[in-house]
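Structure below is input16.tsv: TSV, N, CA and C atoms.
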chain	number	residue	atom	x	y	z
A	1235	MET	N	71.72	26.47	8.37
A	1235	MET	CA	70.66	27.41	8.04
A	1235	MET	C	69.85	27.67	9.32
A	1236	SER	N	69.62	28.93	9.59
A	1236	SER	CA	68.89	29.28	10.80
A	1236	SER	C	67.39	29.10	10.60
A	1237	LYS	N	66.68	29.12	11.69
A	1237	LYS	CA	65.23	28.97	11.65
A	1237	LYS	C	64.61	30.12	10.86
A	1238	ASN	N	65.16	31.31	11.02
A	1238	ASN	CA	64.64	32.47	10.28
A	1238	ASN	C	64.86	32.32	8.78
A	1239	ASP	N	66.02	31.78	8.39
A	1239	ASP	CA	66.29	31.57	6.97
A	1239	ASP	C	65.25	30.61	6.37
A	1240	GLU	N	64.92	29.57	7.09
A	1240	GLU	CA	63.91	28.62	6.61
A	1240	GLU	C	62.58	29.33	6.40
A	1241	ARG	N	62.22	30.11	7.37
A	1241	ARG	CA	60.93	30.84	7.28
A	1241	ARG	C	60.94	31.83	6.11
A	1242	VAL	N	62.05	32.53	5.93
A	1242	VAL	CA	62.17	33.48	4.83
A	1242	VAL	C	62.03	32.76	3.49
A	1243	LEU	N	62.69	31.62	3.36
A	1243	LEU	CA	62.61	30.87	2.11
A	1243	LEU	C	61.19	30.35	1.85
A	1244	GLN	N	60.51	29.95	2.90
A	1244	GLN	CA	59.12	29.51	2.75
A	1244	GLN	C	58.24	30.67	2.26
A	1245	LEU	N	58.45	31.83	2.84
A	1245	LEU	CA	57.66	33.00	2.43
A	1245	LEU	C	57.99	33.40	0.99
A	1246	LYS	N	59.27	33.27	0.61
A	1246	LYS	CA	59.65	33.59	-0.77
A	1246	LYS	C	58.98	32.64	-1.75
A	1247	GLU	N	58.82	31.38	-1.36
A	1247	GLU	CA	58.12	30.42	-2.22
A	1247	GLU	C	56.66	30.83	-2.40
A	1248	ILE	N	56.04	31.29	-1.34
A	1248	ILE	CA	54.65	31.76	-1.43
A	1248	ILE	C	54.56	32.95	-2.38
A	1249	ILE	N	55.52	33.87	-2.28
A	1249	ILE	CA	55.55	35.03	-3.18
A	1249	ILE	C	55.73	34.58	-4.62
A	1250	ASP	N	56.61	33.61	-4.85
A	1250	ASP	CA	56.82	33.10	-6.21
A	1250	ASP	C	55.54	32.50	-6.78
A	1251	LYS	N	54.79	31.78	-5.96
A	1251	LYS	CA	53.51	31.21	-6.41
A	1251	LYS	C	52.53	32.31	-6.76
A	1252	LYS	N	52.48	33.34	-5.93
A	1252	LYS	CA	51.56	34.46	-6.20
A	1252	LYS	C	51.97	35.20	-7.48
A	1253	LYS	N	53.27	35.30	-7.72
A	1253	LYS	CA	53.76	35.93	-8.95
A	1253	LYS	C	53.31	35.13	-10.18
A	1254	LEU	N	53.40	33.79	-10.06
A	1254	LEU	CA	52.96	32.94	-11.16
A	1254	LEU	C	51.47	33.11	-11.42
A	1255	GLU	N	50.69	33.25	-10.36
A	1255	GLU	CA	49.26	33.47	-10.51
A	1255	GLU	C	48.98	34.78	-11.23
A	1256	LEU	N	49.84	35.77	-11.01
A	1256	LEU	CA	49.67	37.08	-11.65
A	1256	LEU	C	50.13	37.09	-13.10
A	1257	LYS	N	50.95	36.09	-13.47
A	1257	LYS	CA	51.51	36.08	-14.82
A	1257	LYS	C	50.44	36.29	-15.86
A	1258	GLY	N	50.85	36.66	-17.03
A	1258	GLY	CA	49.91	36.97	-18.08
A	1258	GLY	C	49.66	38.46	-18.05
A	1259	THR	N	50.68	39.19	-18.38
A	1259	THR	CA	50.62	40.64	-18.33
A	1259	THR	C	49.35	41.15	-19.00
A	1260	LYS	N	48.69	42.03	-18.30
A	1260	LYS	CA	47.48	42.63	-18.83
A	1260	LYS	C	47.85	43.57	-19.97
A	1261	LYS	N	47.16	43.39	-21.06
A	1261	LYS	CA	47.41	44.25	-22.21
A	1261	LYS	C	46.12	45.00	-22.53
A	1262	PHE	N	46.24	46.27	-22.75
A	1262	PHE	CA	45.08	47.09	-23.03
A	1262	PHE	C	44.89	47.22	-24.54
A	1263	THR	N	43.83	46.60	-25.02
A	1263	THR	CA	43.44	46.71	-26.42
A	1263	THR	C	42.06	47.37	-26.44
A	1264	PRO	N	42.03	48.67	-26.61
A	1264	PRO	CA	40.76	49.39	-26.47
A	1264	PRO	C	39.75	49.12	-27.58
A	1265	LEU	N	38.50	49.18	-27.19
A	1265	LEU	CA	37.39	49.09	-28.15
A	1265	LEU	C	37.00	50.48	-28.63
A	1266	THR	N	37.41	51.49	-27.87
A	1266	THR	CA	37.07	52.88	-28.18
A	1266	THR	C	38.34	53.64	-28.53
A	1267	ASN	N	38.17	54.94	-28.79
A	1267	ASN	CA	39.36	55.77	-29.04
A	1267	ASN	C	39.95	56.32	-27.74
A	1268	CYS	N	39.36	55.95	-26.61
A	1268	CYS	CA	39.84	56.30	-25.26
A	1268	CYS	C	39.64	57.76	-24.87
A	1269	VAL	N	38.97	58.54	-25.71
A	1269	VAL	CA	38.68	59.94	-25.36
A	1269	VAL	C	37.16	60.09	-25.30
A	1270	LEU	N	36.66	60.13	-24.09
A	1270	LEU	CA	35.23	60.17	-23.83
A	1270	LEU	C	34.79	61.61	-23.60
A	1271	ASP	N	33.81	62.06	-24.37
A	1271	ASP	CA	33.23	63.38	-24.19
A	1271	ASP	C	31.90	63.20	-23.49
A	1272	LEU	N	31.87	63.54	-22.20
A	1272	LEU	CA	30.68	63.30	-21.40
A	1272	LEU	C	30.28	64.58	-20.68
A	1273	GLU	N	29.09	65.02	-20.95
A	1273	GLU	CA	28.54	66.22	-20.31
A	1273	GLU	C	29.46	67.42	-20.46
A	1274	GLY	N	30.00	67.58	-21.65
A	1274	GLY	CA	30.84	68.73	-21.95
A	1274	GLY	C	32.27	68.65	-21.46
A	1275	GLN	N	32.65	67.53	-20.90
A	1275	GLN	CA	34.02	67.36	-20.41
A	1275	GLN	C	34.66	66.16	-21.10
A	1276	LYS	N	35.92	66.31	-21.48
A	1276	LYS	CA	36.63	65.22	-22.15
A	1276	LYS	C	37.46	64.45	-21.12
A	1277	TYR	N	37.42	63.12	-21.26
A	1277	TYR	CA	38.18	62.23	-20.38
A	1277	TYR	C	39.05	61.33	-21.25
A	1278	ASN	N	40.35	61.38	-21.02
A	1278	ASN	CA	41.27	60.50	-21.73
A	1278	ASN	C	41.57	59.32	-20.81
A	1279	LEU	N	41.11	58.14	-21.19
A	1279	LEU	CA	41.27	56.96	-20.34
A	1279	LEU	C	42.73	56.62	-20.08
A	1280	ASN	N	43.60	57.02	-20.99
A	1280	ASN	CA	45.02	56.68	-20.85
A	1280	ASN	C	45.75	57.51	-19.80
A	1281	VAL	N	45.15	58.61	-19.36
A	1281	VAL	CA	45.83	59.45	-18.38
A	1281	VAL	C	45.09	59.54	-17.05
A	1282	LEU	N	43.90	58.99	-16.98
A	1282	LEU	CA	43.13	59.04	-15.73
A	1282	LEU	C	43.73	58.12	-14.68
A	1283	GLN	N	43.62	58.53	-13.42
A	1283	GLN	CA	44.07	57.71	-12.30
A	1283	GLN	C	42.96	56.74	-11.92
A	1284	LEU	N	43.30	55.80	-11.08
A	1284	LEU	CA	42.37	54.74	-10.70
A	1284	LEU	C	41.05	55.28	-10.15
A	1285	ASN	N	41.11	56.21	-9.22
A	1285	ASN	CA	39.90	56.75	-8.62
A	1285	ASN	C	39.00	57.42	-9.66
A	1286	ASP	N	39.61	58.17	-10.57
A	1286	ASP	CA	38.85	58.84	-11.63
A	1286	ASP	C	38.19	57.82	-12.55
A	1287	LEU	N	38.90	56.75	-12.86
A	1287	LEU	CA	38.33	55.69	-13.70
A	1287	LEU	C	37.14	55.03	-13.02
A	1288	GLN	N	37.27	54.80	-11.72
A	1288	GLN	CA	36.18	54.18	-10.97
A	1288	GLN	C	34.94	55.07	-10.95
A	1289	LEU	N	35.14	56.35	-10.72
A	1289	LEU	CA	34.01	57.28	-10.72
A	1289	LEU	C	33.35	57.36	-12.09
A	1290	LEU	N	34.15	57.38	-13.13
A	1290	LEU	CA	33.63	57.42	-14.49
A	1290	LEU	C	32.86	56.14	-14.80
A	1291	LEU	N	33.35	55.03	-14.32
A	1291	LEU	CA	32.68	53.74	-14.52
A	1291	LEU	C	31.29	53.75	-13.87
A	1292	VAL	N	31.20	54.29	-12.68
A	1292	VAL	CA	29.91	54.38	-11.99
A	1292	VAL	C	28.94	55.26	-12.78
A	1293	ARG	N	29.43	56.39	-13.26
A	1293	ARG	CA	28.57	57.31	-14.04
A	1293	ARG	C	28.07	56.64	-15.30
A	1294	LEU	N	28.96	55.96	-16.00
A	1294	LEU	CA	28.55	55.29	-17.24
A	1294	LEU	C	27.57	54.16	-16.96
A	1295	ASN	N	27.77	53.48	-15.84
A	1295	ASN	CA	26.84	52.41	-15.48
A	1295	ASN	C	25.44	52.96	-15.24
A	1296	MET	N	25.35	54.16	-14.65
A	1296	MET	CA	24.04	54.80	-14.44
A	1296	MET	C	23.38	55.08	-15.79
A	1297	TYR	N	24.18	55.58	-16.73
A	1297	TYR	CA	23.65	55.82	-18.08
A	1297	TYR	C	23.18	54.52	-18.71
A	1298	LEU	N	23.96	53.48	-18.55
A	1298	LEU	CA	23.61	52.18	-19.14
A	1298	LEU	C	22.31	51.64	-18.56
A	1299	MET	N	22.16	51.71	-17.25
A	1299	MET	CA	20.94	51.21	-16.61
A	1299	MET	C	19.72	52.02	-17.07
A	1300	SER	N	19.86	53.32	-17.15
A	1300	SER	CA	18.76	54.16	-17.61
A	1300	SER	C	18.41	53.86	-19.06
A	1301	ALA	N	19.43	53.70	-19.89
A	1301	ALA	CA	19.19	53.40	-21.30
A	1301	ALA	C	18.46	52.06	-21.46
A	1302	LYS	N	18.85	51.08	-20.65
A	1302	LYS	CA	18.16	49.78	-20.69
A	1302	LYS	C	16.71	49.92	-20.25
A	1303	ASP	N	16.48	50.66	-19.17
A	1303	ASP	CA	15.11	50.87	-18.67
A	1303	ASP	C	14.25	51.55	-19.72
A	1304	LEU	N	14.85	52.48	-20.45
A	1304	LEU	CA	14.12	53.22	-21.48
A	1304	LEU	C	14.12	52.51	-22.83
A	1305	LYS	N	14.80	51.37	-22.89
A	1305	LYS	CA	14.90	50.56	-24.11
A	1305	LYS	C	15.43	51.37	-25.30
A	1306	ILE	N	16.56	52.06	-25.04
A	1306	ILE	CA	17.23	52.79	-26.12
A	1306	ILE	C	18.70	52.39	-26.17
A	1307	ASN	N	19.25	52.47	-27.37
A	1307	ASN	CA	20.69	52.24	-27.55
A	1307	ASN	C	21.36	53.61	-27.55
A	1308	LEU	N	22.17	53.83	-26.57
A	1308	LEU	CA	22.81	55.13	-26.42
A	1308	LEU	C	24.29	55.02	-26.74
A	1309	GLU	N	24.75	55.93	-27.57
A	1309	GLU	CA	26.18	56.01	-27.88
A	1309	GLU	C	26.72	57.33	-27.35
A	1310	ILE	N	27.95	57.25	-26.86
A	1310	ILE	CA	28.64	58.45	-26.39
A	1310	ILE	C	29.97	58.52	-27.12
A	1311	SER	N	30.24	59.65	-27.73
A	1311	SER	CA	31.48	59.86	-28.49
A	1311	SER	C	31.67	58.78	-29.55
A	1312	GLY	N	30.57	58.29	-30.11
A	1312	GLY	CA	30.65	57.34	-31.22
A	1312	GLY	C	30.76	55.87	-30.82
A	1313	TYR	N	30.70	55.58	-29.54
A	1313	TYR	CA	30.82	54.19	-29.07
A	1313	TYR	C	29.70	53.89	-28.08
A	1314	SER	N	29.34	52.63	-27.99
A	1314	SER	CA	28.30	52.24	-27.05
A	1314	SER	C	28.81	52.38	-25.62
A	1315	ILE	N	27.89	52.53	-24.70
A	1315	ILE	CA	28.27	52.64	-23.29
A	1315	ILE	C	28.97	51.36	-22.85
A	1316	ALA	N	28.51	50.21	-23.35
A	1316	ALA	CA	29.12	48.93	-22.98
A	1316	ALA	C	30.59	48.89	-23.39
A	1317	GLU	N	30.91	49.47	-24.56
A	1317	GLU	CA	32.31	49.50	-25.01
A	1317	GLU	C	33.16	50.39	-24.09
A	1318	TRP	N	32.60	51.53	-23.68
A	1318	TRP	CA	33.33	52.41	-22.76
A	1318	TRP	C	33.57	51.70	-21.44
A	1319	ILE	N	32.53	51.02	-20.95
A	1319	ILE	CA	32.65	50.31	-19.67
A	1319	ILE	C	33.71	49.21	-19.76
A	1320	THR	N	33.73	48.49	-20.87
A	1320	THR	CA	34.73	47.43	-21.05
A	1320	THR	C	36.14	48.00	-21.01
A	1321	ASP	N	36.36	49.11	-21.71
A	1321	ASP	CA	37.69	49.74	-21.72
A	1321	ASP	C	38.09	50.23	-20.33
A	1322	ILE	N	37.16	50.84	-19.63
A	1322	ILE	CA	37.48	51.36	-18.29
A	1322	ILE	C	37.78	50.21	-17.34
A	1323	LYS	N	37.00	49.14	-17.41
A	1323	LYS	CA	37.26	47.98	-16.54
A	1323	LYS	C	38.64	47.40	-16.80
A	1324	CYS	N	39.02	47.35	-18.07
A	1324	CYS	CA	40.35	46.83	-18.42
A	1324	CYS	C	41.45	47.73	-17.84
A	1325	LYS	N	41.28	49.04	-17.94
A	1325	LYS	CA	42.27	49.97	-17.37
A	1325	LYS	C	42.36	49.79	-15.86
A	1326	ILE	N	41.23	49.59	-15.19
A	1326	ILE	CA	41.21	49.38	-13.74
A	1326	ILE	C	41.93	48.08	-13.39
A	1327	GLU	N	41.70	47.02	-14.17
A	1327	GLU	CA	42.38	45.75	-13.93
A	1327	GLU	C	43.90	45.90	-14.04
A	1328	ILE	N	44.34	46.71	-15.00
A	1328	ILE	CA	45.78	46.94	-15.17
A	1328	ILE	C	46.35	47.67	-13.96
A	1329	PHE	N	45.63	48.66	-13.45
A	1329	PHE	CA	46.07	49.36	-12.24
A	1329	PHE	C	46.20	48.37	-11.09
A	1330	GLU	N	45.20	47.52	-10.90
A	1330	GLU	CA	45.21	46.56	-9.80
A	1330	GLU	C	46.33	45.54	-9.97
A	1331	TYR	N	46.57	45.10	-11.20
A	1331	TYR	CA	47.64	44.16	-11.49
A	1331	TYR	C	49.00	44.77	-11.11
A	1332	LYS	N	49.22	46.00	-11.54
A	1332	LYS	CA	50.49	46.66	-11.24
A	1332	LYS	C	50.68	46.87	-9.74
A	1333	LYS	N	49.59	47.18	-9.05
A	1333	LYS	CA	49.67	47.37	-7.61
A	1333	LYS	C	50.06	46.06	-6.91
A	1334	LYS	N	49.42	44.96	-7.28
A	1334	LYS	CA	49.73	43.66	-6.68
A	1334	LYS	C	51.17	43.25	-6.99
A	1335	GLU	N	51.59	43.49	-8.22
A	1335	GLU	CA	52.95	43.16	-8.63
A	1335	GLU	C	53.97	43.95	-7.81
A	1336	ALA	N	53.71	45.22	-7.61
A	1336	ALA	CA	54.62	46.07	-6.83
A	1336	ALA	C	54.67	45.63	-5.37
A	1337	GLU	N	53.52	45.25	-4.82
A	1337	GLU	CA	53.48	44.77	-3.44
A	1337	GLU	C	54.33	43.51	-3.27
A	1338	LEU	N	54.21	42.60	-4.22
A	1338	LEU	CA	54.99	41.36	-4.15
A	1338	LEU	C	56.48	41.64	-4.25
A	1339	LYS	N	56.86	42.56	-5.13
A	1339	LYS	CA	58.28	42.91	-5.27
A	1339	LYS	C	58.82	43.52	-3.98
A	1340	THR	N	58.03	44.38	-3.35
A	1340	THR	CA	58.43	45.00	-2.10
A	1340	THR	C	58.64	43.95	-1.02
A	1341	LEU	N	57.71	43.02	-0.92
A	1341	LEU	CA	57.84	41.95	0.07
A	1341	LEU	C	59.07	41.09	-0.20
A	1342	GLU	N	59.33	40.82	-1.46
A	1342	GLU	CA	60.48	40.00	-1.83
A	1342	GLU	C	61.79	40.68	-1.43
A	1343	VAL	N	61.87	41.98	-1.65
A	1343	VAL	CA	63.07	42.74	-1.27
A	1343	VAL	C	63.27	42.71	0.24
A	1344	LYS	N	62.19	42.87	0.97
A	1344	LYS	CA	62.27	42.81	2.44
A	1344	LYS	C	62.77	41.45	2.90
A	1345	LEU	N	62.24	40.40	2.29
A	1345	LEU	CA	62.65	39.05	2.68
A	1345	LEU	C	64.12	38.80	2.34
A	1346	ASP	N	64.56	39.28	1.19
A	1346	ASP	CA	65.97	39.12	0.81
A	1346	ASP	C	66.89	39.76	1.84
A	1347	LYS	N	66.50	40.90	2.35
A	1347	LYS	CA	67.31	41.59	3.35
A	1347	LYS	C	67.37	40.81	4.67
A	1348	MET	N	66.37	40.01	4.93
A	1348	MET	CA	66.31	39.26	6.19
A	1348	MET	C	67.15	37.99	6.19
A	1349	LEU	N	67.54	37.52	5.02
A	1349	LEU	CA	68.37	36.31	4.96
A	1349	LEU	C	69.74	36.57	5.59
A	1350	SER	N	70.26	35.57	6.24
A	1350	SER	CA	71.59	35.70	6.83
A	1350	SER	C	72.63	35.77	5.71
A	1351	ASP	N	73.77	36.35	6.01
A	1351	ASP	CA	74.83	36.46	5.01
A	1351	ASP	C	75.26	35.08	4.51
A	1352	GLU	N	75.32	34.14	5.43
A	1352	GLU	CA	75.71	32.77	5.08
A	1352	GLU	C	74.73	32.17	4.06
A	1353	LYS	N	73.45	32.38	4.29
A	1353	LYS	CA	72.43	31.82	3.40
A	1353	LYS	C	72.46	32.53	2.04
A	1354	LYS	N	72.68	33.83	2.04
A	1354	LYS	CA	72.78	34.58	0.79
A	1354	LYS	C	73.93	34.04	-0.05
A	1355	THR	N	75.07	33.81	0.60
A	1355	THR	CA	76.23	33.27	-0.09
A	1355	THR	C	75.92	31.90	-0.67
A	1356	GLU	N	75.26	31.06	0.13
A	1356	GLU	CA	74.90	29.72	-0.33
A	1356	GLU	C	73.99	29.78	-1.55
A	1357	LEU	N	73.00	30.66	-1.54
A	1357	LEU	CA	72.07	30.79	-2.67
A	1357	LEU	C	72.78	31.30	-3.92
A	1358	GLU	N	73.69	32.25	-3.73
A	1358	GLU	CA	74.45	32.76	-4.87
A	1358	GLU	C	75.34	31.68	-5.47
A	1359	LEU	N	75.98	30.88	-4.61
A	1359	LEU	CA	76.81	29.78	-5.10
A	1359	LEU	C	75.97	28.75	-5.85
A	1360	ASP	N	74.79	28.44	-5.34
A	1360	ASP	CA	73.88	27.51	-6.02
A	1360	ASP	C	73.48	28.05	-7.39
A	1361	GLU	N	73.26	29.35	-7.45
A	1361	GLU	CA	72.88	29.98	-8.72
A	1361	GLU	C	74.01	29.91	-9.74
A	1362	ILE	N	75.22	30.18	-9.28
A	1362	ILE	CA	76.39	30.10	-10.16
A	1362	ILE	C	76.62	28.68	-10.63
A	1363	ALA	N	76.49	27.73	-9.73
A	1363	ALA	CA	76.67	26.31	-10.09
A	1363	ALA	C	75.64	25.89	-11.13
A	1364	ALA	N	74.41	26.35	-10.98
A	1364	ALA	CA	73.35	26.02	-11.93
A	1364	ALA	C	73.67	26.58	-13.32
A	1365	LEU	N	74.26	27.78	-13.36
A	1365	LEU	CA	74.62	28.39	-14.62
A	1365	LEU	C	75.77	27.65	-15.31
A	1366	LEU	N	76.67	27.11	-14.51
A	1366	LEU	CA	77.83	26.42	-15.06
A	1366	LEU	C	77.49	25.01	-15.56
A	1367	ASN	N	76.45	24.44	-15.08
A	1367	ASN	CA	76.05	23.08	-15.50
A	1367	ASN	C	75.19	23.07	-16.71
Since I need it in another form, could you write the structure as structure tokens?
Amino acid sequence: MSKNDERVLQLKEIIDKKKLELKGTKKFTPLTNCVLDLEGQKYNLNVLQLNDLQLLLVRLNMYLMSAKDLKINLEISGYSIAEWITDIKCKIEIFEYKKKEAELKTLEVKLDKMLSDEKKTELELDEIAALLN
């Protein structure tokens, strides 16, 4: 095994650890109906991109802070602002989770390509042997 193969395998172990840390697929269970009518415009949380969700989150937070200062309970489209914020934060977390997962997969593919042919063969043989036992 070459020095590079050792390094590649070490890096793959780090990626595997990071993948385990990411485990626990994020599931979106909304508190709202996901269609927010705000200032005459409708926003469907299920189709908004990350940047749009972040901007909407900031706007709703401004409403929440003002409502707290004024000591009023404000509902938008039949749900509290806190419920909208919770749903948007969850959607943002899912975007971030998918991004991290994709980055790790990309790195793993790059590392696989860097392994020597001899080491690839050895790993495949080890995998086959494990299946047969």
**Fill in**
In Å and to one decimal, CA of Asp1239 in chain A is distant from atom N of Lys1251 in chain A by 17.3 Å
**Message:** List as a list in words the protein and nucleic acid residues near Glu1327 in chain A, meaning an atom at most 8 Å away when all atoms listed in the file are counted, but skip any in the same chain fewer than 6 places from it.
**Reply:** Lys1260, Asp1321 and Lys1333 of chain A
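Using only C-alpha atoms, the nearest neighbour of Ser1314 in chain A within the list A:Leu1298, A:Leu1254, A:Leu1357, A:Ile1249 is A:Leu1298.
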**Message:** One decimal, in Å: what's the spacing between atom C of Glu1317 in chain A and atom C of Tyr1331 in chain A?
**Reply:** 21.2 Å
**Request:** Check the DSSP output for the backbone and give back, as a PyMOL selection string, the residues of chain A in strand (DSSP E or B).
**Result:** chain A and resi 1269-1272+1275-1278+1309-1310+1313-1314
Saved selection, atoms kept: N, CA and C atoms, as an mmCIF file, in the frame of the given file:
data_model
loop_
_atom_site.group_PDB
_atom_site.id
_atom_site.type_symbol
_atom_site.label_atom_id
_atom_site.label_comp_id
_atom_site.auth_asym_id
_atom_site.auth_seq_id
_atom_site.Cartn_x
_atom_site.Cartn_y
_atom_site.Cartn_z
ATOM 1 N N VAL A 1269 38.970 58.540 -25.710
ATOM 2 C CA VAL A 1269 38.680 59.940 -25.360
ATOM 3 C C VAL A 1269 37.160 60.090 -25.300
ATOM 4 N N LEU A 1270 36.660 60.130 -24.090
ATOM 5 C CA LEU A 1270 35.230 60.170 -23.830
ATOM 6 C C LEU A 1270 34.790 61.610 -23.600
ATOM 7 N N ASP A 1271 33.810 62.060 -24.370
ATOM 8 C CA ASP A 1271 33.230 63.380 -24.190
ATOM 9 C C ASP A 1271 31.900 63.200 -23.490
ATOM 10 N N LEU A 1272 31.870 63.540 -22.200
ATOM 11 C CA LEU A 1272 30.680 63.300 -21.400
ATOM 12 C C LEU A 1272 30.280 64.580 -20.680
ATOM 13 N N GLN A 1275 32.650 67.530 -20.900
ATOM 14 C CA GLN A 1275 34.020 67.360 -20.410
ATOM 15 C C GLN A 1275 34.660 66.160 -21.100
ATOM 16 N N LYS A 1276 35.920 66.310 -21.480
ATOM 17 C CA LYS A 1276 36.630 65.220 -22.150
ATOM 18 C C LYS A 1276 37.460 64.450 -21.120
ATOM 19 N N TYR A 1277 37.420 63.120 -21.260
ATOM 20 C CA TYR A 1277 38.180 62.230 -20.380
ATOM 21 C C TYR A 1277 39.050 61.330 -21.250
ATOM 22 N N ASN A 1278 40.350 61.380 -21.020
ATOM 23 C CA ASN A 1278 41.270 60.500 -21.730
ATOM 24 C C ASN A 1278 41.570 59.320 -20.810
ATOM 25 N N GLU A 1309 24.750 55.930 -27.570
ATOM 26 C CA GLU A 1309 26.180 56.010 -27.880
ATOM 27 C C GLU A 1309 26.720 57.330 -27.350
ATOM 28 N N ILE A 1310 27.950 57.250 -26.860
ATOM 29 C CA ILE A 1310 28.640 58.450 -26.390
ATOM 30 C C ILE A 1310 29.970 58.520 -27.120
ATOM 31 N N TYR A 1313 30.700 55.580 -29.540
ATOM 32 C CA TYR A 1313 30.820 54.190 -29.070
ATOM 33 C C TYR A 1313 29.700 53.890 -28.080
ATOM 34 N N SER A 1314 29.340 52.630 -27.990
ATOM 35 C CA SER A 1314 28.300 52.240 -27.050
ATOM 36 C C SER A 1314 28.810 52.380 -25.620
#
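For the pair CA of Asp1351 in chain A and CA of Val1242 in chain A, the interatomic distance is 13.0 Å.
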**Item:** Contacts of range 1336-1346 of chain A within 8 Å, only N, CA and C atoms, excl. fewer than 4 positions in-chain, as a ChimeraX atom specification
**Value:** /A:1242-1243,1245-1246,1249-1250,1252-1253,1330-1332,1350,1354
**Item:** Pick from A:Arg1241, A:Lys1323, A:Lys1261, A:Lys1305, whichever lies nearest to Leu1289 in chain A using only C-alpha atoms
**Value:**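 Of A:Arg1241, A:Lys1323, A:Lys1261, A:Lys1305, the one nearest Leu1289 in chain A is A:Lys1323, counting only C-alpha atoms.
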**Asked** When distances are computed from only C-alpha atoms, which of A:Met1299, A:Ile1310, A:Leu1366, A:Leu1287 shows the smallest separation from Glu1273 in chain A?
**Response**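 Nearest candidate to Glu1273 in chain A out of A:Met1299, A:Ile1310, A:Leu1366, A:Leu1287: A:Ile1310.
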**Request:** Can you work out which one of A:Asp1271, A:Glu1358, A:Glu1255, A:Asp1303 has the shortest atom-to-atom distance to Trp1318 in chain A, counting only C-alpha atoms?
**Result:**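 When distances to Trp1318 in chain A are compared using only C-alpha atoms, the smallest one comes from A:Asp1271.
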Kindly provide, as lines of an AutoDock Vina configuration file, the centre and edge lengths (Å, one decimal) of an axis-aligned box around all atoms of range 1321-1334 of chain A given in the file, with 8 Å on each side.
center_x = 43.8
center_y = 47.3
center_z = -14.2
size_x = 30.8
size_y = 24.1
size_z = 31.0
